[in-house]
Structure formats: structure tokens, C-alpha cells
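Structure first, commentary second.
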Amino acid sequence: MTGNDAVLALVVVIALGFDFTNGFHDTGNAMATSIVTGALPPRVAVAVSAVLNLVGAFLSTAVAATIAGGLVDTQDVTLTVVCAGLTGSVLWNLATWYLGIPSSSSHALIGGVVGATMAAAGASAVKWQGLVSKVIVPAALSPFIAGAVAAVGTYLVYRLTRGVPERPRGHGFRIGQVGSASMVSLAHGTNDAQKTMGVITLALIANGTLKSGATSPTWVIASCAVAIALGTYLGGWRVIRALGKGLVEIESPQGMASESASAAVILSSTDFGYSLSTTHVATGSILGAGVGKKGATVRWHVARRMVAAWLLTLPAAAAVGALAYGAAEGIGGTAGVVVIFIVLVLASIAFFVASRRPAVTPENVNAAWTGSLLPAPESEGAAP
């Protein structure tokens with residue numbers, strides 16, 4: 001292989017690695033409430049979500065086009081820039097997953113690419129209007145829109161079923177949750193898998209393999225679909241626990257209402273090509289479901305911690321992306337990208353090892369919330 005081909009291969013591997021982390025980081029967006037209410041067993045839930053993420057990845061490429069050409073000037077993007085941007089996004093994903101914070105994988109990816117591009121070519125290489133209209137504005141509005149829809153939906157389902165005994169009502173809504181959670185997983189595939197497709201396409205354009213403005217090749221679509229599905233199947237149990245148990249003690253009617261709101265908002269954004277954060281939507285929906293039920297307890301201090309992470313995601317990933325670019329460029333050539341790749345692999349291993357002490361697993365993910373991500377001591381001995 002030539003030097004550029006070697007770098008391109010590493011960039012594609014890192015991009016698929018990001019897609020993999022996106023899958024397990026965001027599984028909770030679709031399945032946390034279904035797991036908590038017992039609508040689906042944990043392992044079945046992540047398997048269903050994985051299959052539907054795989055299918056959803058093939059249904060639309062509008063978001064991929066936004067990432068590939070709508071945020072930065074492709075003429076100023078090199079393979080080193082793409083590699084550095086991906087490094088920033090993967091490290092932020094792993095850090096927030098370890099802490100059990102459902103932050104936005106989408107914003108981590110965008111922040112990393114924007115930061116690396118600015119380090120390489122300056123602020124003029126960023127299409128600020130596209131960044132604001134396609135990313136920042138939807139990010140600011142989507143939690144409130146999803147939360148309002150979920151709150152109204154929750155209020156209506158309890159109002160309309162107030163004469164139904166609690167046990168059959170809960171059973172019926174748990175069945176309904178299977179359908180609504182499946183729709184969120186499908187919607188997640190149509191939106192989040194596209195982002196990695198866009199980045200790989202951007203790398204192919206930077207390498208001269210594709211012309212500027214080209215659409216994602218079939219092999220890119222297929223490989224990204226498989227990567228996000230595999231990540232989803234592993235299940236991000238730390239984030240699932242934080243979303244399902246940390247915000248609201250959720251019941252099946254609330255779960256169905258929140259999932260339905262999430263699916264509606266995500267699918268709408270995909271149709272318009274908005275690079276929406278499914279994490280923002282799902283969190284807003286769950287909070288809305290808590291607000292919509294009279295007497296429900298919402299842990300606003302946990303929500304504030306999540307919002308703080310949302311605000312940090314774009315600048316933090318951008319900063320790491322810029323630093324990674326500076327390091328790779330300082331070393332120079334293929335060697336610089338190889339060093340960044342090795343550092344990323346070692347950091348990933350370190351996060352994984354740290355997450356096992358103790359581990360959040362399918363067996364203890366539903367343990368009572370004690371104010372901490374980690375289950376109570378008697379649950380810590382569950383199999384890894």
C-alpha cells in the first residue's frame with residue numbers, strides 16, 4: 001500500500017470503531033425503559049435493537065450527506081484531520097460511557113472533526129451556518145420538543161386508562177413498549193449510523209478516492225451498519241442503567257409514551273437531514289414522561305449532570321481532536337497517524353478494564369438506584 005492508502009485504512013478502522021462505540025453508548029436511548037419495566041429481558045432487548053439498527057442504517061443517507069459535506073470545507077480536510085477528529089470523538093464516547101453519562105455520540109463526532117479541521121486550516125474551514133442550523137439548533141430544541149410530546153402523551157395515556165386495573169394496564173403497555181422501543185432502534189439506525197458513513201466518505205474524498213460531493217459507497221453503508229449493530233448487541237449497560245433508573249422510576253405507560261415521542265422526533269429529523277442527537281431526544285422524552293405523570297419523582301440533579309456533559313461534548317471533543325491533530329502532524333506522515341492509533345487502542349483497553357471493577361451487567365442493570373451508577377454491594381458480584 002502507499003502511505004495514503006495505509007492512513008486511509010487506519011482511518012476507516014477508527015471510524016468503524018467509533019461506530020461500534022456509538023452502538024453500545026446509545027443502546028439505552030432505545031431500550032432502557034423497556035428493560036426497566038420488564039417489557040423485554042435485557043439480552044433480548046439489545047439483540048432486537050441491534051437488528052433494527054442494522055436495518056435502519058440502509059433506509060436513509062440524508063444525514064451522511066450532511067456530515068460529509070455540510071459542516072467543513074472538504075478541500076481543507078486531510079486524512080490526518082479525519083483521524084484526529086475520530087480520536088477525539090472515540091475518547092469522549094468512552095469517557096462518558098465509563099461514567100454512565102448518556103452524552104451525544106453525534107456531537108462528539110462533529111466536535112472532533114470540527115476541532116481537527118480548525119487546527120489544520122483555521123476557523124474559516126468550518127461551515128458555521130451549517131453547524132448552527134443542522135447541529136446546534138436541533139440539539140437545543142430537540143430535548144424540549146421530545147419532552148413536551150412525551151409529557152402530553154404520558155398524561156393522556158394515564159387519563160384515558162384511569163378506569164383500567166393497574167395489572168392489565170401495565171401488561172398491555174409493556175406489549176406496546178416492544179413496538180415503540182423497536183421504532184426508536186430503527187430510527188437510531190437511520191440517523192446515527194449515517195454519521196460514520198459521512199466521515200468515511202469524507203476520508204475517501206480527502207484521499208482522492210471519491211470526488212467532492214460523492215455519496216457513500218455501498219461497502220461503506222454496509223460496514224457501518226454492521227459495526228453499529230455489533231456495538232448495540234454488546235449493550236452499554238452503564239448508560240442503560242443511568243437512563244432507565246437514574247432519571248425517573250418509570251412505569252410501562254410512561255415508557256411507551258417516551259419511546260413513541262423519541263421515535264417521532266428522530267425520524268422527522270432524519271427526513272430533514274438534521275444530525276440529531278438521539279441521546280438528547282431520549283433523555284428529554286424520559287424526563288417528559290416523568291413530568292407527565294402526577295406524583296412521579298424526577299431526579300433533576302441527575303438530569304443537570306447529563307446536561308452539563310451535553311454542553312461540554314462539542315468543545316471537549318473538539319479540543320481533543322485538535323490536540324490529536326497537532327500530535328500527529330508534529331510526528332509527521334503515516335507514523336503520526338499510527339502513533340495516534342496506538343494511543344487510542346491503549347486508552348480503549350484502559351477504559352474497558354476500569355469499567356469491570358465493578359461491572360454493570362444484564363444481571364444487575366435493574367438493581368435499585370442508590371444515588372450512584374454502581375449497583376448496591378450485594379449486586380456487584382454478578383457475572384461480568
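Lettering and numbering for the C-alpha cells are positional, with chains as A, B, ... in the shown order, residues counted from 1 in each chain, and ligands counted from 1 in the shown order.
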
message = If we count only C-alpha atoms and set the cut-off at 8 Å, which residues sit around range 28-34 of chain A, ignoring sequence neighbours fewer than 4 positions away in its own chain? Please answer as a PyMOL selection string.
response = chain A and resi 38-40+45-46+49+174+177-178+181-182+184-185+188+235-237+239-241+243-244+250+252+255+259+278-279+282-283

Can you spit out the residues from that selection as a CSV table (one decimal), in the first residue's frame, using N, CA and C atoms?
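Below you can see selection_34.csv, which holds the result:
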```csv
chain,number,residue,atom,x,y,z
A,38,GLY,N,-39.5,-4.2,32.3
A,38,GLY,CA,-39.7,-5.7,32.1
A,38,GLY,C,-40.4,-6.0,30.8
A,39,ALA,N,-40.6,-5.0,30.0
A,39,ALA,CA,-41.2,-5.3,28.7
A,39,ALA,C,-40.3,-6.3,27.8
A,40,LEU,N,-39.0,-6.2,28.0
A,40,LEU,CA,-38.1,-7.1,27.3
A,40,LEU,C,-37.0,-7.5,28.2
A,45,ALA,N,-33.6,-7.5,24.5
A,45,ALA,CA,-33.7,-6.1,24.2
A,45,ALA,C,-32.6,-5.6,23.3
A,46,VAL,N,-31.3,-5.9,23.7
A,46,VAL,CA,-30.2,-5.4,22.9
A,46,VAL,C,-30.1,-6.2,21.6
A,49,SER,N,-32.7,-4.5,19.3
A,49,SER,CA,-32.2,-3.2,19.0
A,49,SER,C,-31.1,-3.3,17.9
A,174,ARG,N,-46.7,-2.8,28.4
A,174,ARG,CA,-45.4,-3.5,28.2
A,174,ARG,C,-45.4,-4.1,26.8
A,177,GLN,N,-44.8,-1.3,24.5
A,177,GLN,CA,-43.4,-0.9,24.5
A,177,GLN,C,-42.5,-1.6,23.6
A,178,VAL,N,-42.8,-2.9,23.3
A,178,VAL,CA,-41.9,-3.6,22.4
A,178,VAL,C,-41.9,-3.0,21.0
A,181,ALA,N,-40.2,0.7,21.4
A,181,ALA,CA,-38.8,0.6,21.5
A,181,ALA,C,-38.1,0.2,20.2
A,182,SER,N,-38.8,-0.7,19.5
A,182,SER,CA,-38.3,-1.1,18.2
A,182,SER,C,-38.3,0.0,17.2
A,184,VAL,N,-37.8,3.2,18.0
A,184,VAL,CA,-36.6,4.0,18.3
A,184,VAL,C,-35.3,3.4,17.8
A,185,SER,N,-35.2,2.1,17.9
A,185,SER,CA,-34.0,1.4,17.4
A,185,SER,C,-33.9,1.6,15.9
A,188,HIS,N,-32.9,5.2,15.3
A,188,HIS,CA,-31.5,5.4,15.6
A,188,HIS,C,-30.6,4.9,14.5
A,235,GLY,N,-24.5,-4.0,24.2
A,235,GLY,CA,-25.2,-3.3,25.3
A,235,GLY,C,-24.4,-2.4,26.2
A,236,GLY,N,-24.7,-1.2,26.2
A,236,GLY,CA,-24.0,-0.2,27.0
A,236,GLY,C,-24.6,-0.2,28.4
A,237,TRP,N,-24.4,-1.2,29.2
A,237,TRP,CA,-25.2,-1.4,30.4
A,237,TRP,C,-25.0,-0.2,31.4
A,239,VAL,N,-24.7,3.0,30.6
A,239,VAL,CA,-25.6,4.1,30.2
A,239,VAL,C,-27.1,3.7,30.3
A,240,ILE,N,-27.4,2.4,30.0
A,240,ILE,CA,-28.7,1.9,30.1
A,240,ILE,C,-29.2,2.1,31.6
A,241,ARG,N,-28.4,1.8,32.5
A,241,ARG,CA,-28.7,1.9,34.0
A,241,ARG,C,-29.0,3.4,34.3
A,243,LEU,N,-29.9,5.9,32.3
A,243,LEU,CA,-31.1,6.4,31.7
A,243,LEU,C,-32.4,5.7,32.3
A,244,GLY,N,-32.3,4.4,32.5
A,244,GLY,CA,-33.5,3.7,32.9
A,244,GLY,C,-33.8,3.8,34.4
A,250,ILE,N,-39.6,4.6,36.3
A,250,ILE,CA,-40.6,4.7,35.2
A,250,ILE,C,-41.5,3.5,35.1
A,252,SER,N,-44.6,1.3,32.7
A,252,SER,CA,-44.7,0.9,31.3
A,252,SER,C,-45.5,2.0,30.5
A,255,GLY,N,-43.0,4.5,29.7
A,255,GLY,CA,-42.1,4.0,28.8
A,255,GLY,C,-42.5,4.1,27.4
A,259,GLU,N,-40.8,6.5,24.5
A,259,GLU,CA,-40.3,5.8,23.3
A,259,GLU,C,-41.0,6.3,22.0
A,278,THR,N,-29.6,11.5,19.3
A,278,THR,CA,-30.7,10.6,19.8
A,278,THR,C,-30.6,10.6,21.4
A,279,THR,N,-29.5,10.8,21.9
A,279,THR,CA,-29.3,10.9,23.4
A,279,THR,C,-30.2,12.0,24.0
A,282,ALA,N,-33.9,11.1,23.6
A,282,ALA,CA,-34.3,10.0,24.6
A,282,ALA,C,-34.4,10.6,26.0
A,283,THR,N,-33.4,11.3,26.4
A,283,THR,CA,-33.4,11.9,27.8
A,283,THR,C,-34.5,12.9,28.0
```

inquiry  = I want to know what sits within 12 Å of Lys211 in chain A, based on only C-alpha atoms, with residues of the same chain fewer than 4 positions away left out; could you give that as a ChimeraX atom specification?
reply    = /A:68-69,74-75,201-207,215-217

Please, could you write that set of residues out with C-alpha atoms as a PDB file, in the first residue's frame?
```
ATOM      1  CA  ALA A  68     -19.663  14.507   4.540  1.00  0.00           C
ATOM      2  CA  GLY A  69     -20.057  17.982   3.079  1.00  0.00           C
ATOM      3  CA  THR A  74     -13.794  19.202   2.172  1.00  0.00           C
ATOM      4  CA  GLN A  75     -10.885  20.873   0.343  1.00  0.00           C
ATOM      5  CA  THR A 201     -16.945   9.277   2.799  1.00  0.00           C
ATOM      6  CA  LEU A 202     -15.158  12.462   3.873  1.00  0.00           C
ATOM      7  CA  ALA A 203     -11.936  10.458   4.249  1.00  0.00           C
ATOM      8  CA  LEU A 204     -12.382   8.906   0.798  1.00  0.00           C
ATOM      9  CA  ILE A 205     -12.854  12.376  -0.678  1.00  0.00           C
ATOM     10  CA  ALA A 206      -9.772  13.661   1.156  1.00  0.00           C
ATOM     11  CA  ASN A 207      -7.744  10.746  -0.245  1.00  0.00           C
ATOM     12  CA  THR A 215     -22.454   9.794  -1.914  1.00  0.00           C
ATOM     13  CA  SER A 216     -21.453   6.959   0.408  1.00  0.00           C
ATOM     14  CA  PRO A 217     -20.491   3.756  -1.447  1.00  0.00           C
TER      15      PRO A 217
END
```

Nearest residue to Ala347 in chain A from the set A:Val36, A:Val55, A:Ile286, A:Val90 (distances using only C-alpha atoms) = A:Val90

inquiry  = When DSSP is applied to the backbone of this structure, which of range 6-161 of chain A are assigned alpha helix (DSSP H)? Write them out as a PyMOL selection string.
reply    = chain A and resi 6-37+42-56+62-69+79-99+105-121+128-131+137-160

remark   = Separating CA of Leu267 in chain A from CA of Phe58 in chain A, to the nearest tenth of an Å, is a gap of 13.7 Å

query = Got a sec: who's within 8 Å of Gly246 in chain A, counting only C-alpha atoms, leaving out chain neighbours fewer than 5 positions off, as a PyMOL selection string?
reply = chain A and resi 241+299+302+369+371+373

Within 9 Å of Ser104 in chain A using only C-alpha atoms, minus same-chain residues under 2 positions, as JSON, numbers by chain = {"A": [22, 25, 26, 93, 102, 106, 107, 108, 109, 277, 278, 279, 280, 309, 310, 313, 314]}

ask   = Which distance in Å separates CA of Ser124 in chain A and CA of Leu312 in chain A, to one decimal?
value =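 These two atoms are separated by 22.4 Å.
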
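Proximity ranking of A:Thr161, A:Ser348, A:Asn53, A:Thr297 relative to Thr27 in chain A places A:Asn53 first, based on only C-alpha atoms.
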
query = Which residues, written as a ChimeraX atom specification, have at least one atom at most 9 Å from range 6-16 of chain A, with only C-alpha atoms counted and residues fewer than 5 positions away on the same chain left out?
reply = /A:1,21,79-80,82-83,86-87,90,196-197,199-200,203-204,207,223-224,227-228,333-334,337-338,341,344

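When only C-alpha atoms are used to compute distances to Leu131 in chain A, the closest of the residues A:Phe351, A:Val72, A:Thr96, A:Gly176 turns out to be A:Val72.
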